[in-house]
Structures are given as structure tokens and as C-alpha cells.
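K.L.:
Can you keep this structure in mind? I'll have questions shortly.
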Amino acid sequence: MKRSILRSIGIKVLVFVVSLLILSAAVFCVARLAPGDPLVSYYGDRVEKMSPQERAWAEDKLGLNDPLTVQYVRWLERAVQGDFGISYQYKMPVTEVIAQRMGNTLLLGGVGLLLIFGGALLLGSFCAWQEDRWPDRLLCRAGTLLSCIPEFWLSLLLILVFAMGIRWLPSSGAYSIGGEGNVGDRLVHLILPLTVVVLSHLWYYAYLVRNRLLEEVRADYVLLARVKGLPRRAVLFRHCLRSAMPTYLSILAISIPHVLGGTYIVETVFSYPGLGTLSYESARYQDYNLLMVLCLLSGAVVMLCNLAAQAINERIDPRIRGERSGMEQEVRTP
Amino acid sequence: MEPVLEVRHLTVQFHTPSGTVQAVRDVSFSLHKGEVLAIVGESGCGKSVLCRSILKLLPDTARLPSGTILVNGVDITGYGEREMTKLRGKLFSMVFQDPMTALDPTMTIGAQIAEAVRVHQPRMGRDALRQRVLELMTLVGIERPAERMGLYPHNFSGGMRQRSVLAMALAGDPAILFADEPTTALDVTIQAQILDLLRQIQRQLGTATVFVTHDLGAVARVADRVAVMYAGKIVEIGTAEEVFYDPRHPYTWGLLQSLPVLSRGRETLPTIPGMPPDLLHPPKGDTFACRNPYALAIDYEEEPPLFPITETHFAATWLLDPRTPQVTPPVGGGLHG
Amino acid sequence: MAEEILLDVRHLTHVFPLGRHGSVKAVDDLSFQIRRGEIFGLVGESGSGKSTVARCVMSLYRPTAGEIWFQGVNLCDRAACRAHRTMLQRERQLIFQDSTSSLNQRLKVWDIIAEPMRIHGIRPPRGTYRAEAEFQMHYVGLDAGYLDKYPPELSGGQRQRVAIARALSMEPELLVADEPIASLDVSIQAQIVNLFRHLQREHGFSILFIAHDLAMVEFLCDRVGVLYHGRMVESAPTSALFQRPLHPYTQALLSAIPIPDPRLERSRTLQTFSPDLASLDGVLVKEEPDHFVLREGGRP
């Protein structure tokens, strides 16, 4: 029993590592195949005035004129030791650059995710409860409309109204200059990006919850629960929500990267100093080392979320959990 | 004696985009304490809808344009969801066809039965609750209940699941139990066991039972009275003996004849030709006329009323009108009659 | 002619692996034969392995052990199967229990019936595929008005007729019917059983008729095999089986057929069967010509 668990964990870890390796190789090659000059991000405008000798020296210094495989192996060797190189643009270790920005993204993404998760559950259950009455219909219409609006457009719209128009909220950044430690200031800066992140994803999940619940409501066991004398609301929340939860949680876990991808766009539009803007910059300016780590980080998050989804499913649903014992325990009528 | 349940001229309609479906048309019957009434009919004849309309478990598209439902003499026709919730489980309860889907797969059997008990006795203590669950499981013939209450539905076989569903249905000591095709999805050798169990419980607790099925054969074992439904109407109703030994409606004859046991040694099984009518546009006159080899001209014009044969036996066919010629029924009198 | 063996199942065993946690033996050392022009009934309750047998015979599952011979071809031999592919696909046809899911809901009835002919590139003998479909439909008792309907518009009995028409369009030698009447109303069951009997008389093909109870089997089948937990416990000509059931499980199945006579039925005690009554570790013993029953240790 214990050994089989260890073995399955071992297999999962192995798959995880191998996938990361493949991802790193792919990103490494693709980044270098893309047109553009990495020297620009390191030296800025000076590159244009460089002589060929200077260029060659600079490329040699950054290790860019070796064959691709040599470069990759060298990167891999260092990466294993925890050295991911320096960012060409920021001239400091990649890990430090990311560490500075990580907090901002986690704040935006994490709070956004929590709001989406809770909000979707509430909204979805409410719609299911009010099925086909006017609140449900209204929310369905509005939600569908809202989820069709692209994030960047919604962001621009909100900036136009709340920042340019009535000037209530700041249009960009994570804090005012000099206000880094001020919690209130941070929150104010968070409102607009957060609104976009939540609004653009909320309905998708709320609709999912609603439909899963309604699917469950049609099942026979709901009828039985009502025959037992449980009121409709109790049936909905005690039985249906419970049955719908595994699907919801696993889909949510799978789509965390999707939501994060959304934050990347939102960050860029709001010039919010998070990993999203950083990824955008690093890809744009051929900041290879930074790009590599950011891609691997995103990849790791995606895979971890998928593993989490699977684990959640196995935990909650007794049918999956008890697959083996179920067969042994099959009880026949005496 | 006053009946536990009395249904008078009940009509149920479904409003669909393509029109109004007449699922149940002008049905009247009564049910007495400790009695088993079987409602027999083909799929789509409205027998399940009839049960669910009494429990008010129909979808929102259903309407009850006419009829009254009296329970212990109280008219519950106009009751809303809140009042019905109080009655369900306590006054009437239901068992469904497919025990595979009727149980919540994520809860243990014990917890689901306990839930049903707690609905009616919210203040019951932990030990008393456990005792009651064990008692119910024993009542429905689940052996070693203490071990099995911790199992999930998927650990149980079909028969055991149906017993669990029955335990839940009986948790509130209902006066009336509706059993909607409780044996159809089960293995044949288990079917008979469940039927016997229903009968035994009905004797033990005095629960009046409405047993809905499409199989006339299965009814002989449990039913005190039998109602045959066709296209939303009761076409024949009487005691089991009357319906089996002296059937009067051609549809009942057809149902009996198509049972293979009665056709041993014959070349082809007698069948009822054709199909049940479309209840969206029911034909004029008797809905059974076009499948009825004994149909009279009037059958295509006017629906027959329920003609009384005895005090308990009624059938809706013009053949019983004194003006029509006598027809010898092709079946009846039992297996050796 | 009547003694020619069409399908010969020898020591068929099928094991389903259950992930890493072991396996389930669905069919265990099963042998039976179907003669040309015979209707063989295979009866068993849920979990007895009857559907697995049907799927092995149709080559949908590859048996774990044993042989299945059909028209001189061993279905467990990949090379032989490949060599006779067209013949095997045409001459074995399957009808499912659930006609709702076994017919494509997006195809019209005549498309469904004509599809096997199209797949096999058969030139329709009556001109067009539509005319051919109409002919087949008429044959199974559906009129031409249903040609352009979709399966959801039909009743269960009509859908099952369409499934039969589709199977018959290939003029098969063997029809495998996996609980074709189980989900139908009793009166419709009788119609379909009559249809099977009538078609078999006309065409002379063989039917492997799978059912979960004995009620209709008596009326349709020439011989019956009773399955219990993947093992054949009794096999006999229908009349012999109904008159002298020897295995306690067969007796229990027979006793479960309700008698439509209230007084008789109420006074009757049902025979029940529990696995302790008879061990499954026996061998089939010949009791009388063609009548075999599972006995412990091979002793009667």
C-alpha cells in the first residue's frame, strides 16, 4: 500500500522533471530563432555605434557565439546549480529580478483567483437556485456579454472612465512614487486591474457551477432527497454542490494558468510591475535568461495545478478513491 | 372507511414549445390504508407522471388544470412547495426505478439514511439516530447493517441499493409509499425478493402502497387492486382477482396475452398491434380504438365512460354498453381457467 | 444442414484488468456451439459475462484464452481474421440493448440502414440505397413514412426495428442480439420477439440471443445456455430446460418468471439461489442428449 503510493509519487516527480527539461530546450531554441538582437537589451543604443570587433567581443562575453547545443548545455549545468544567469536588461541575477516582481503578481493573481472562486460559487449557486426566473436570466445575459469583452479592451475602458474621466483611481503602477509601504495606496492601485481580472473570468466559472448544479438537480437522487422531505435549497447545497465540487475544483485548478495568463495581459495594460510585464519585456528585448526562467516558472505552475486537480478529484470522489476496494467489497443481496 | 388518498378527476398537462401534452387525463382513484394498488401501463402512458403530480415533483412546465387530491380527507391540490416539503417523507414517500442513480454517490449509505431520519426528527441524538438507521436497514433486509452503513453506493449491488432507497423512503414512517417501477432495473431473481419485501413491509407497517409498473405479470404477486392505464387514462380498475380472472377492457386483454407464460406452445405471441397514440394530439374518441381489434364505430367518435361491472370493478370500453353485442374475452380466468 | 456448426466457442476466458490492482474474470472457460439456422439463447443476470461473450464473438474484445471458430475461421487468430475481414464483417451483425445510443441521432433512418452497404461498397440490388432501405424497413414492419425521420423521433420498439433492419441489410449468417428487448415494454417485447422469429424463418440465419431472464427465451430459442458468474451452469434444448431444470440457479431463474394469476402467484414460494448452494468449480456433465449441467467434481 505504502510502497505503491511512493512509487506513484516518484513517477509523477519524474514526469514533472522531464517535462520541464523538454520545455526548457524548446524555449531555449525558439527564443534564439526569433529575430532580434539580444545585445540591444544589454547595451541599449550603444550597439548601433559598435565596431564589428566590439560586437564579437560582446557576444563572446555573453556566450552567444557558441553553437546552440553548447549554449544550452552550459545553461543547464549552471541552472542545476541554481545559477540562472543575469538579465541582460537589468544587469543583475534573473532570480533577483523575478523575486522583486513576484509579490505583485501573486497579490493580483491570488486575490483575483480567490474572488473568482468564491464569487463564481455564489453566483452559480444563486443562478441555479433561481433557475429560469428573471434574476437567473438577467445574470446569464449580462455574464455572457461581459465574458466576451477582451481583457485589454475592458482595461482601457475602465482606465478611460475611472482614471481619465472621473479621476478616482490611478491608471497604472502598483503604488504611487514613494508610497511603497502604504497599504491603502497599494489597494487603490489594485482595484482596477483586479476588477478586470475578476470580471473577465468570473462568469465563465459561475456558468460552469450553474450548469453542473442543474445537471445534478436533474439526477434521480435529488428527487429521492426531496421525497425524503428535504427542502429544495438544502438538496441543492447539501447534495448537488457536493457532487459538483470535484469537477469545479479540478477545472479551476487546471485553469489557474489561464487566469494567470489573463493577469499577464492586464499587468501589461496597467503597467503593473509584475511577472506579466516582465515576461512581455523579456520576450520583446531578447532577454534570454530572464525569458527562460519565466517560461519554466509558468510551465511548472501549469503542471503543478494539473497534478493538484487530479489529486483533488481522487480525494473527493469516493468512486475514484475506492476503485480497488470497491470491487472487493461489492456486496450482493443475501 | 375513509381512504388515505383520494384522487378525483386529475388532469396533468405539460406545456412544450410544440403544444400541450395531455399526460394524465381525468384520472380518479382512491387508496385505503394498508392496501397495494398497482398502476400498470406502457411507457409514456402517464403512470409515473400521475405519481409525481401527487407528490408535486413535476418540472415547472407541468400544469394541473383540474382535479383534486385529498390526503386523509384534506385537499392538498393547492399546496405550495413549502407545505409539500413538510408532507414529503412523512405522509408520502417514493422509491424509484433506477437505484443506481437514486443515491448520492458521494455520501455513505448510512449518512443518507440518517439524513432522511433527521429531516423528521431534527433533535434526535447521535446514538438514537444510529440505532434508528440500523433498525431501518434491518427492516429492509440488509444483513450486517453496522458494517455496511459506512459503505458508499458503488460498493452495493443493485438489489442492495434498492433496499437502501426503500430504507430512506420509510425513514419518516410514511402513510403512503409510491414505488415507481422499483424492480425494472434489477436482476430477475432479485426482483421477486424486492416485491416480497414491499409486501412484507406493507403488512408490517400498514403502509398503503402505489406500485407502478409496465409488467402486468409482476403485479399478481403484490397487488390488492390493479389499475390499467392507457394514454393518460385509467381504462380498467378493479381488485387483482377481478382484473386477472375477469378482464373487461381489450387493452387489458392485450397486455395479458402478450405475457409469454400464457402462450406456451404457440407459434407466435399475441401482440397489441400498433403503438400508443401521440398525447400531443390525441385522436378523437377512444385513444385505443385504432389498436383495438374489437373497436366499434362509436369508439372513433366518443370516449367511453367508466362502466361499473361490480362495486370495485370498472372499465372504460363501449363493449360494456348494454346496446353492444357480447364479446367473449380471449383471456382471463387465470392460468388454468 | 441442420447439424452444421456455425459458431464454435471453445474454452473462452476473458479477464478484465483492473489497473494495477488485479483483474476480474468476466467469462471463465465457456464453451458452446451454435448450429446453422439455430436460435441460441444465452441467459444470465448482470455481471454474468453475457455481454462480454457477445463482444468476444463480434471481435470487439480479444479473448484472454480459448478459441472462437466462425465459418471455419478462428477469430482469435489475427492473421486469419485479417484474411477474412470482409466476410467476418458482413456475416456477423450485432444488435444492442440500448437503441437510443446505438443509433446515430444525427442520421436519418434510411441513412442508418444504408450505411453498412455503403461501407462495403455493395451496389444496391433495388437501384438506390434509399429504395434498399425502404425494402428493409418494410421487411421489419416499418412503413416508408419513417425513412426521413431521426432516431429520437421514434419509439423504443421502432428504433430497435431500425437496428434490426440495419443488421439484416448485410444478410448475415449470425445475428448477435445483446438484450435487444430488455428496455422495451412487455407488449413491444412480444412484437420484437415475433419479428425475430419470423425473420429467422425467412432468412435461415442463426441468432445468439442474449437475455437476462427466461420469460421470452422460451418462446424464441431452440437451445438455451444459462450463465452464472462467467460460467455456463446449464445448457439444454429449450423444452428440456423448462421441463427439467437441473441446476439450482436455472430453477431460481425459472421460478422468478411471474405467473399472471393472483391466487396461484401469492401462494407460491419463490426459489432463491445463493452461491453456496452450488459450487462453480465443477465441470459440465451430460445428463441426457444435448442437456449439460455443471456438477461439482464432474459427478452427477
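Each chain of the C-alpha cells is named A, B, ... in the order shown, its residues numbered from 1; ligands are numbered from 1 in display order.
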Once you count only C-alpha atoms, which residues of chain C turn out to be within 7 Å of chain B? Could you give them as a PyMOL selection string?
P.N.:
chain C and resi 45-46+185-187+190-191+194+213+215-216+219+252-253+256+258-262+265-266
K.L.:
Counting only C-alpha atoms, what is within 10 Å of stretch 93-101 of chain C, bar same-chain residues fewer than 4 positions away, as an mmCIF file with N, CA and C atoms, in the first residue's frame?
P.N.:
data_model
loop_
_atom_site.group_PDB
_atom_site.id
_atom_site.type_symbol
_atom_site.label_atom_id
_atom_site.label_comp_id
_atom_site.auth_asym_id
_atom_site.auth_seq_id
_atom_site.Cartn_x
_atom_site.Cartn_y
_atom_site.Cartn_z
ATOM 1 N N SER C 51 -22.635 -10.151 -21.925
ATOM 2 C CA SER C 51 -22.275 -9.141 -22.928
ATOM 3 C C SER C 51 -20.826 -9.298 -23.368
ATOM 4 N N ALA C 54 -20.762 -11.765 -26.094
ATOM 5 C CA ALA C 54 -21.215 -11.176 -27.356
ATOM 6 C C ALA C 54 -20.095 -10.363 -27.989
ATOM 7 N N ARG C 55 -19.383 -9.608 -27.171
ATOM 8 C CA ARG C 55 -18.343 -8.757 -27.719
ATOM 9 C C ARG C 55 -17.140 -9.564 -28.183
ATOM 10 N N VAL C 57 -17.423 -12.595 -29.435
ATOM 11 C CA VAL C 57 -17.876 -13.207 -30.680
ATOM 12 C C VAL C 57 -17.828 -12.191 -31.822
ATOM 13 N N MET C 58 -18.077 -10.921 -31.499
ATOM 14 C CA MET C 58 -18.039 -9.879 -32.531
ATOM 15 C C MET C 58 -16.627 -9.313 -32.723
ATOM 16 N N LEU C 88 -16.079 -11.659 -42.406
ATOM 17 C CA LEU C 88 -16.401 -11.604 -40.979
ATOM 18 C C LEU C 88 -17.250 -10.388 -40.662
ATOM 19 N N GLN C 89 -16.934 -9.273 -41.309
ATOM 20 C CA GLN C 89 -17.692 -8.059 -41.015
ATOM 21 C C GLN C 89 -19.114 -8.133 -41.541
ATOM 22 N N GLN C 105 -27.847 9.736 -33.688
ATOM 23 C CA GLN C 105 -29.032 10.590 -33.622
ATOM 24 C C GLN C 105 -29.093 11.617 -34.740
ATOM 25 N N PRO C 151 -33.700 9.145 -35.299
ATOM 26 C CA PRO C 151 -33.978 8.193 -34.214
ATOM 27 C C PRO C 151 -34.726 8.768 -33.012
ATOM 28 N N PRO C 152 -34.400 9.986 -32.530
ATOM 29 C CA PRO C 152 -35.140 10.455 -31.363
ATOM 30 C C PRO C 152 -36.646 10.620 -31.607
ATOM 31 N N LEU C 154 -38.462 8.416 -32.957
ATOM 32 C CA LEU C 154 -39.095 7.109 -32.962
ATOM 33 C C LEU C 154 -39.255 6.588 -31.532
ATOM 34 N N SER C 155 -40.139 5.610 -31.370
ATOM 35 C CA SER C 155 -40.279 4.970 -30.063
ATOM 36 C C SER C 155 -39.225 3.876 -29.942
ATOM 37 N N GLY C 156 -39.067 3.355 -28.716
ATOM 38 C CA GLY C 156 -38.038 2.345 -28.479
ATOM 39 C C GLY C 156 -38.177 1.137 -29.395
ATOM 40 N N GLY C 157 -39.416 0.668 -29.557
ATOM 41 C CA GLY C 157 -39.647 -0.501 -30.396
ATOM 42 C C GLY C 157 -39.304 -0.219 -31.853
ATOM 43 N N GLN C 158 -39.641 0.972 -32.326
ATOM 44 C CA GLN C 158 -39.325 1.329 -33.716
ATOM 45 C C GLN C 158 -37.828 1.447 -33.923
ATOM 46 N N ARG C 159 -37.151 2.015 -32.941
ATOM 47 C CA ARG C 159 -35.692 2.142 -33.070
ATOM 48 C C ARG C 159 -35.049 0.768 -33.134
ATOM 49 N N GLN C 160 -35.560 -0.156 -32.306
ATOM 50 C CA GLN C 160 -34.989 -1.492 -32.325
ATOM 51 C C GLN C 160 -35.244 -2.149 -33.681
ATOM 52 N N ARG C 161 -36.386 -1.843 -34.312
ATOM 53 C CA ARG C 161 -36.644 -2.364 -35.655
ATOM 54 C C ARG C 161 -35.645 -1.792 -36.654
ATOM 55 N N VAL C 162 -35.320 -0.520 -36.503
ATOM 56 C CA VAL C 162 -34.326 0.088 -37.396
ATOM 57 C C VAL C 162 -32.985 -0.611 -37.223
ATOM 58 N N ALA C 163 -32.625 -0.881 -35.967
ATOM 59 C CA ALA C 163 -31.349 -1.561 -35.706
ATOM 60 C C ALA C 163 -31.342 -2.943 -36.353
ATOM 61 N N ILE C 164 -32.485 -3.621 -36.288
ATOM 62 C CA ILE C 164 -32.577 -4.949 -36.910
ATOM 63 C C ILE C 164 -32.453 -4.819 -38.426
ATOM 64 N N ALA C 165 -33.135 -3.814 -39.005
ATOM 65 C CA ALA C 165 -33.058 -3.612 -40.450
ATOM 66 C C ALA C 165 -31.618 -3.329 -40.873
ATOM 67 N N ARG C 166 -30.923 -2.537 -40.086
ATOM 68 C CA ARG C 166 -29.533 -2.232 -40.414
ATOM 69 C C ARG C 166 -28.692 -3.504 -40.418
ATOM 70 N N ALA C 167 -28.910 -4.348 -39.395
ATOM 71 C CA ALA C 167 -28.135 -5.581 -39.315
ATOM 72 C C ALA C 167 -28.472 -6.503 -40.484
ATOM 73 N N LEU C 168 -29.755 -6.568 -40.837
ATOM 74 C CA LEU C 168 -30.173 -7.519 -41.874
ATOM 75 C C LEU C 168 -29.775 -7.075 -43.271
ATOM 76 N N SER C 169 -29.485 -5.784 -43.448
ATOM 77 C CA SER C 169 -29.147 -5.307 -44.788
ATOM 78 C C SER C 169 -27.885 -6.000 -45.299
ATOM 79 N N MET C 170 -27.082 -6.554 -44.414
ATOM 80 C CA MET C 170 -25.870 -7.249 -44.844
ATOM 81 C C MET C 170 -26.117 -8.730 -45.068
ATOM 82 N N GLU C 171 -27.350 -9.177 -44.885
ATOM 83 C CA GLU C 171 -27.698 -10.593 -44.990
ATOM 84 C C GLU C 171 -26.704 -11.463 -44.232
ATOM 85 N N PRO C 172 -26.650 -11.290 -42.915
ATOM 86 C CA PRO C 172 -25.650 -12.006 -42.129
ATOM 87 C C PRO C 172 -25.994 -13.482 -41.938
ATOM 88 N N GLU C 173 -24.981 -14.240 -41.563
ATOM 89 C CA GLU C 173 -25.191 -15.639 -41.184
ATOM 90 C C GLU C 173 -25.478 -15.733 -39.696
ATOM 91 N N LEU C 174 -24.886 -14.787 -38.942
ATOM 92 C CA LEU C 174 -25.050 -14.817 -37.489
ATOM 93 C C LEU C 174 -25.469 -13.433 -36.999
ATOM 94 N N LEU C 175 -26.553 -13.415 -36.245
ATOM 95 C CA LEU C 175 -27.010 -12.166 -35.651
ATOM 96 C C LEU C 175 -26.786 -12.284 -34.151
ATOM 97 N N VAL C 176 -25.987 -11.382 -33.601
ATOM 98 C CA VAL C 176 -25.773 -11.385 -32.159
ATOM 99 C C VAL C 176 -26.653 -10.289 -31.584
ATOM 100 N N ALA C 177 -27.616 -10.676 -30.776
ATOM 101 C CA ALA C 177 -28.558 -9.702 -30.219
ATOM 102 C C ALA C 177 -28.331 -9.618 -28.725
ATOM 103 N N ASP C 178 -27.731 -8.508 -28.289
ATOM 104 C CA ASP C 178 -27.369 -8.347 -26.880
ATOM 105 C C ASP C 178 -28.511 -7.656 -26.134
ATOM 106 N N GLU C 179 -29.332 -8.428 -25.483
ATOM 107 C CA GLU C 179 -30.508 -7.931 -24.752
ATOM 108 C C GLU C 179 -31.342 -6.967 -25.595
ATOM 109 N N PRO C 180 -31.783 -7.398 -26.772
ATOM 110 C CA PRO C 180 -32.460 -6.451 -27.661
ATOM 111 C C PRO C 180 -33.828 -6.022 -27.149
ATOM 112 N N ILE C 181 -34.407 -6.759 -26.211
ATOM 113 C CA ILE C 181 -35.765 -6.400 -25.794
ATOM 114 C C ILE C 181 -35.826 -5.942 -24.344
ATOM 115 N N ALA C 182 -34.667 -5.906 -23.679
ATOM 116 C CA ALA C 182 -34.697 -5.675 -22.231
ATOM 117 C C ALA C 182 -35.271 -4.317 -21.858
ATOM 118 N N SER C 183 -35.063 -3.291 -22.710
ATOM 119 C CA SER C 183 -35.540 -1.973 -22.286
ATOM 120 C C SER C 183 -36.867 -1.608 -22.951
ATOM 121 N N LEU C 184 -37.577 -2.598 -23.445
ATOM 122 C CA LEU C 184 -38.862 -2.311 -24.097
ATOM 123 C C LEU C 184 -40.031 -2.714 -23.201
ATOM 124 N N ILE C 207 -29.105 -16.995 -34.638
ATOM 125 C CA ILE C 207 -29.133 -15.869 -33.701
ATOM 126 C C ILE C 207 -28.510 -16.294 -32.380
ATOM 127 N N LEU C 208 -27.599 -15.474 -31.875
ATOM 128 C CA LEU C 208 -27.167 -15.611 -30.493
ATOM 129 C C LEU C 208 -27.968 -14.576 -29.722
ATOM 130 N N PHE C 209 -28.963 -15.037 -28.988
ATOM 131 C CA PHE C 209 -29.914 -14.148 -28.333
ATOM 132 C C PHE C 209 -29.570 -14.065 -26.857
ATOM 133 N N ILE C 210 -29.186 -12.871 -26.433
ATOM 134 C CA ILE C 210 -28.752 -12.714 -25.045
ATOM 135 C C ILE C 210 -29.848 -12.043 -24.245
ATOM 136 N N ALA C 211 -30.153 -12.585 -23.091
ATOM 137 C CA ALA C 211 -31.247 -12.049 -22.288
ATOM 138 C C ALA C 211 -30.908 -12.193 -20.819
#
K.L.:
Taking only C-alpha atoms into account, find every residue of chain B that has an atom no more than 6 Å from chain A, and write it out as an MDAnalysis selection string.
P.N.:
chainID B and resid 85 88:89 93 101:104 116 155:157 160
K.L.:
Assign secondary structure with DSSP using the backbone only, and return the residues of stretch 208-288 of chain B in strand (DSSP E or B) as a PyMOL selection string.
P.N.:
chain B and resi 208-213+225-230+233-239
K.L.:
Quick check, in Å to one decimal: how far apart do atom CA of B:Ser164 and atom CA of B:Cys51 lie?
P.N.:
20.7 Å
K.L.:
Would you mind telling me which residue in C:Tyr146, C:Tyr249, C:Phe273, C:Phe40 lies nearest to chain A when using only C-alpha atoms?
P.N.:
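Result for the nearest residue to chain A: C:Phe273.
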K.L.:
Taking the DSSP assignment computed from this structure's backbone, write out as a VMD selection string all residues of stretch 63-299 of chain C that belong to alpha helix (DSSP H).
P.N.:
chain C and resid 78 to 83 85 to 91 99 to 102 109 to 119 129 to 139 156 to 168 186 to 203 217 to 220 238 to 243 248 to 255 262 to 267
K.L.:
Contacts of stretch 113-123 of chain A at 6 Å or less, counting only C-alpha atoms, minus same-chain residues fewer than 4 places along, as a PDB file with N, CA and C atoms, in the first residue's frame?
P.N.:
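File produced: result.pdb:
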ATOM      1  N   GLY A 109      -2.841  38.043  -8.767  1.00  0.00           N
ATOM      2  CA  GLY A 109      -3.383  36.752  -9.200  1.00  0.00           C
ATOM      3  C   GLY A 109      -4.091  36.031  -8.069  1.00  0.00           C
ATOM      4  N   VAL A 198     -11.039  39.765 -12.424  1.00  0.00           N
ATOM      5  CA  VAL A 198     -12.203  39.052 -11.896  1.00  0.00           C
ATOM      6  C   VAL A 198     -13.350  39.069 -12.903  1.00  0.00           C
ATOM      7  N   LEU A 202     -14.920  35.670 -14.126  1.00  0.00           N
ATOM      8  CA  LEU A 202     -15.939  35.256 -13.161  1.00  0.00           C
ATOM      9  C   LEU A 202     -17.069  34.476 -13.814  1.00  0.00           C
ATOM     10  N   TYR A 205     -16.714  30.699 -14.863  1.00  0.00           N
ATOM     11  CA  TYR A 205     -16.777  29.698 -13.798  1.00  0.00           C
ATOM     12  C   TYR A 205     -18.145  29.667 -13.136  1.00  0.00           C
ATOM     13  N   ALA A 206     -18.765  30.828 -13.020  1.00  0.00           N
ATOM     14  CA  ALA A 206     -20.104  30.864 -12.432  1.00  0.00           C
ATOM     15  C   ALA A 206     -21.068  30.042 -13.298  1.00  0.00           C
TER      16      ALA A 206
END
K.L.:
If you measure from atom CA of B:Gln13 to atom CA of B:Thr68, what distance in Å do you get, rounded to one decimal?
P.N.:
14.7 Å
